[in-house]
$ cat work02.txt   # compact mmCIF, C-alpha atoms
# COMPACT_ATOMS: atom_id res chain seq x y z
CA MET A 1 30.81 -15.82 -107.52
CA ASN A 2 32.59 -19.04 -106.60
CA ASN A 3 34.02 -18.85 -103.09
CA ALA A 4 35.69 -22.24 -103.29
CA GLN A 5 39.40 -21.85 -102.60
CA SER A 6 41.87 -24.28 -104.10
CA TRP A 7 45.43 -24.82 -102.96
CA HIS A 8 48.72 -25.76 -104.57
CA ILE A 9 52.01 -27.04 -103.22
CA VAL A 10 54.98 -25.21 -104.74
CA LYS A 11 58.65 -26.11 -104.49
CA ARG A 12 61.06 -23.20 -103.99
CA PRO A 13 64.75 -23.10 -105.04
CA ALA A 14 65.86 -23.87 -101.48
CA GLY A 15 64.06 -27.23 -101.77
CA ASN A 16 61.26 -26.52 -99.32
CA CYS A 17 57.61 -26.76 -100.31
CA GLU A 18 54.91 -24.28 -99.37
CA ILE A 19 51.14 -24.41 -99.56
CA VAL A 20 49.76 -21.39 -101.38
CA PRO A 21 46.32 -20.32 -102.66
CA SER A 22 45.81 -21.11 -106.32
CA GLN A 23 45.74 -17.44 -107.36
CA GLU A 24 49.39 -17.06 -106.25
CA VAL A 25 50.37 -19.81 -108.68
CA THR A 26 48.34 -18.58 -111.63
CA GLU A 27 49.05 -14.81 -111.43
CA ASP A 28 52.32 -14.82 -113.38
CA ASP A 29 55.02 -17.27 -114.23
CA ASN A 30 56.95 -17.15 -110.99
CA PRO A 31 60.65 -18.00 -111.41
CA GLU A 32 60.82 -19.02 -107.75
CA ILE A 33 58.51 -21.97 -108.35
CA ILE A 34 60.54 -24.99 -109.44
CA GLU A 35 57.73 -27.54 -109.31
CA GLN A 36 54.10 -27.53 -108.29
CA TRP A 37 51.38 -29.98 -107.34
CA GLY A 38 47.65 -29.43 -107.19
CA PRO A 39 45.11 -28.00 -107.14
CA PHE A 40 43.71 -29.46 -103.93
CA THR A 41 40.20 -28.69 -102.74
CA SER A 42 41.17 -28.02 -99.12
CA GLU A 43 44.20 -26.78 -97.26
CA GLY A 44 44.08 -29.94 -95.14
CA GLU A 45 44.42 -32.13 -98.22
CA ALA A 46 47.37 -30.03 -99.40
CA ILE A 47 49.05 -30.40 -95.99
CA ALA A 48 48.64 -34.18 -96.13
CA ARG A 49 50.09 -34.29 -99.64
CA ARG A 50 53.04 -32.10 -98.59
CA VAL A 51 53.83 -34.54 -95.77
CA GLY A 52 53.92 -37.30 -98.39
CA LEU A 53 56.23 -35.25 -100.61
CA ILE A 54 58.59 -34.65 -97.68
CA ARG A 55 58.61 -38.34 -96.79
CA SER A 56 59.33 -39.32 -100.38
CA GLY A 57 62.26 -36.88 -100.54
CA LYS A 58 60.75 -34.52 -103.14
CA CYS A 59 60.57 -31.64 -100.63
CA GLN A 60 62.58 -30.50 -97.65
CA PRO A 61 60.79 -29.72 -94.37
CA VAL A 62 60.51 -26.01 -93.63
$ encode --input "work02.txt" --output "structure tokens"
Amino acid sequence: MNNAQSWHIVKRPAGNCEIVPSQEVTEDDNPEIIEQWGPFTSEGEAIARRVGLIRSGKCQPV
């Protein structure tokens, strides 16, 4: 069994972006996900990418 966890950044309708485990993105087509980025191999990498998305104006801070 592969214990490696991957992470995605998802954009919600309110404009904020959240970091979620990959299984939350792939379970079903979620209508609350407007846009997504990833997968990232670590949560730390996803956090760094989210900061970049906020700075570039693609996401609103939480």
$ atom_distance --input "work02.txt" --atom1 "CA of Pro13 (chain A)" --atom2 "CA of Gly38 (chain A)"
18.4 Å
$ closest_residue --input "work02.txt" --among "A:Gln36, A:Gln23, A:Thr41, A:Asn30" --to "Ser6 (chain A)" --atoms "all atoms listed in the file"
A:Thr41
$ atom_distance --input "work02.txt" --atom1 "CA of Pro31 (chain A)" --atom2 "CA of Cys59 (chain A)"
17.4 Å
$ closest_residue --input "work02.txt" --among "A:Gly44, A:Ile19, A:Ala14, A:Arg50" --to "Glu32 (chain A)" --atoms "all atoms listed in the file"
A:Ala14
$ atom_distance --input "work02.txt" --atom1 "CA of Arg12 (chain A)" --atom2 "CA of Phe40 (chain A)"
18.4 Å
$ closest_residue --input "work02.txt" --among "A:Val10, A:Val25, A:Val20, A:Gly57" --to "Glu43 (chain A)" --atoms "all atoms listed in the file"
A:Val20
$ residues_around --input "work02.txt" --residues "Val62 (chain A)" --least-positions-apart "6" --cutoff "10 Å" --atoms "only C-alpha atoms" --output "list in words"
Ala14, Gly15, Asn16, Cys17, Glu18 and Ile54 of chain A
$ write_last_selection --input "work02.txt" --atoms "C-alpha atoms" --output "JSON list (two decimals), in the coordinates of the input"
[["chain", "number", "residue", "atom", "x", "y", "z"],
["A", 14, "ALA", "CA", 65.86, -23.87, -101.48],
["A", 15, "GLY", "CA", 64.06, -27.23, -101.77],
["A", 16, "ASN", "CA", 61.26, -26.52, -99.32],
["A", 17, "CYS", "CA", 57.61, -26.76, -100.31],
["A", 18, "GLU", "CA", 54.91, -24.28, -99.37],
["A", 54, "ILE", "CA", 58.59, -34.65, -97.68]]
